[in-house]
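Student: This structure is in structure tokens; I'll ask about it shortly.
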Amino acid sequence: MKKLLSPILFALLAMVFVLPAAYAVCPVCTVAVGAGLEGARLLGVEDVITGIWAGGLTLSMAGWTANYMRSRGVKGAFWYVLDFVLYYALLLMVYFIPSGRPIVLFGDKCMWGIDQFLLGIIVGSVVFFVMEVWYANIKKNNGGHAKFPFQKVVMPFGGLLVVTLIFWAIIKWLPQIGVTLC
């Protein structure tokens, strides 16, 4: 096992030092959002909360791909719009997965007249985008530097976490006081 682990570790370290920096959305943030999404689904939380993390992850991956395309000389708004449309189309395919027991049924659970998963995707994407823009503005006003280490990761992840807690509270407490969510 040690003979196999050593070359893999060397290859991973070599990739870290050889790969160029990510400029759009950092890979660490993308992995953190992905872990949050998978963790939420495994724990069986409400679809709106899972959708928040799915929306953040999708926007992160689309931004990552747009940055890659930009670094390879791809120009033109059409390609960037197509990038984002394709990622969101792939995410929405979760409604059409053929199986004996679909993961998400459109309209099965709703909140304020909108499908919970779709509402979560919208909220998660908007929050992730706002936090990325806010980080870029902070960095610009601070001479091109973050105010604290890993701020680029903490801000989007923290934004999604705060919104998750808000929606968890809404789902938990509003029905107890007689407010219907759908």
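Labels used: A, B, ... for chains in the order of the structure tokens, numbers from 1 for residues in each chain, and numbers from 1 for ligands as shown.
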So that I can check the secondary structure, give me every residue of range 50-116 of chain A assigned alpha helix (DSSP H) by backbone DSSP, as a ChimeraX atom specification.
Tutor: /A:50-71,77-92,116
Student: Kindly export the residues of the current selection with C-alpha atoms, as a PDB file, in the first residue's frame.
Tutor:
ATOM      1  CA  THR A  50     -30.356  20.784  -0.901  1.00  0.00           C
ATOM      2  CA  GLY A  51     -31.283  23.092  -3.773  1.00  0.00           C
ATOM      3  CA  ILE A  52     -29.415  25.974  -2.130  1.00  0.00           C
ATOM      4  CA  TRP A  53     -26.193  23.957  -2.198  1.00  0.00           C
ATOM      5  CA  ALA A  54     -26.896  22.596  -5.684  1.00  0.00           C
ATOM      6  CA  GLY A  55     -27.418  26.140  -7.008  1.00  0.00           C
ATOM      7  CA  GLY A  56     -24.183  27.326  -5.418  1.00  0.00           C
ATOM      8  CA  LEU A  57     -22.255  24.358  -6.750  1.00  0.00           C
ATOM      9  CA  THR A  58     -23.663  24.779 -10.245  1.00  0.00           C
ATOM     10  CA  LEU A  59     -22.824  28.468 -10.392  1.00  0.00           C
ATOM     11  CA  SER A  60     -19.352  27.704  -9.069  1.00  0.00           C
ATOM     12  CA  MET A  61     -18.719  25.060 -11.724  1.00  0.00           C
ATOM     13  CA  ALA A  62     -20.092  27.253 -14.514  1.00  0.00           C
ATOM     14  CA  GLY A  63     -17.835  30.104 -13.368  1.00  0.00           C
ATOM     15  CA  TRP A  64     -14.894  27.763 -13.186  1.00  0.00           C
ATOM     16  CA  THR A  65     -15.548  26.577 -16.742  1.00  0.00           C
ATOM     17  CA  ALA A  66     -15.980  30.148 -18.006  1.00  0.00           C
ATOM     18  CA  ASN A  67     -12.625  31.033 -16.447  1.00  0.00           C
ATOM     19  CA  TYR A  68     -11.015  28.029 -18.147  1.00  0.00           C
ATOM     20  CA  MET A  69     -12.527  29.044 -21.487  1.00  0.00           C
ATOM     21  CA  ARG A  70     -11.288  32.621 -21.018  1.00  0.00           C
ATOM     22  CA  SER A  71      -7.773  31.384 -20.256  1.00  0.00           C
ATOM     23  CA  ALA A  77     -20.747  36.168 -24.790  1.00  0.00           C
ATOM     24  CA  PHE A  78     -22.489  33.320 -26.618  1.00  0.00           C
ATOM     25  CA  TRP A  79     -20.035  30.731 -25.298  1.00  0.00           C
ATOM     26  CA  TYR A  80     -20.264  31.991 -21.730  1.00  0.00           C
ATOM     27  CA  VAL A  81     -24.062  32.036 -21.793  1.00  0.00           C
ATOM     28  CA  LEU A  82     -24.045  28.548 -23.304  1.00  0.00           C
ATOM     29  CA  ASP A  83     -21.732  27.395 -20.517  1.00  0.00           C
ATOM     30  CA  PHE A  84     -24.135  28.585 -17.809  1.00  0.00           C
ATOM     31  CA  VAL A  85     -27.228  27.290 -19.624  1.00  0.00           C
ATOM     32  CA  LEU A  86     -25.685  23.835 -20.030  1.00  0.00           C
ATOM     33  CA  TYR A  87     -24.707  23.554 -16.366  1.00  0.00           C
ATOM     34  CA  TYR A  88     -28.165  24.561 -15.187  1.00  0.00           C
ATOM     35  CA  ALA A  89     -29.812  22.273 -17.747  1.00  0.00           C
ATOM     36  CA  LEU A  90     -27.726  19.402 -16.380  1.00  0.00           C
ATOM     37  CA  LEU A  91     -28.790  20.285 -12.841  1.00  0.00           C
ATOM     38  CA  LEU A  92     -32.454  20.421 -13.806  1.00  0.00           C
ATOM     39  CA  GLN A 116     -38.657  23.593  -3.143  1.00  0.00           C
TER      40      GLN A 116
END
Student: Name the residues of range 102-174 of chain A that fall into strand (DSSP E or B) according to DSSP on the backbone, using the chain letters and numbers of this document, as a PyMOL selection string.
Tutor: chain A and resi 110-111+114-115
Student: One decimal, Å: what's the distance from CA of Met111 in chain A over to CA of Thr180 in chain A, could you say?
Tutor: 8.4 Å
Student: For each of A:Cys110, A:Tyr95, A:Gly76, A:Gly120, take the minimum atom-to-atom distance to Phe167 in chain A, counting only C-alpha atoms, then give the residue where this is smallest.
Tutor: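 Ranking A:Cys110, A:Tyr95, A:Gly76, A:Gly120 by distance to Phe167 in chain A, first place goes to A:Gly120.
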Student: When you draw a straight line from CA of Lys152 in chain A to CA of Asn137 in chain A, how long is it in Å?
Tutor: 11.5 Å
Student: In Å, rounded to a single decimal, give me how far CA of Thr164 in chain A is from CA of Ala146 in chain A.
Tutor: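 The value is 24.8 Å.
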Student: Using only C-alpha atoms for the distances, tell me which of A:Ile114, A:Val163, A:Asn141, A:Phe96 is nearest to Val127 in chain A.
Tutor: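 Smallest separation from Val127 in chain A among the options: A:Val163.
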Student: Point out the residue among A:Ile49, A:Val94, A:Leu181, A:Leu43 with the least atom-to-atom distance to Val162 in chain A, counting only C-alpha atoms.
Tutor: A:Ile49
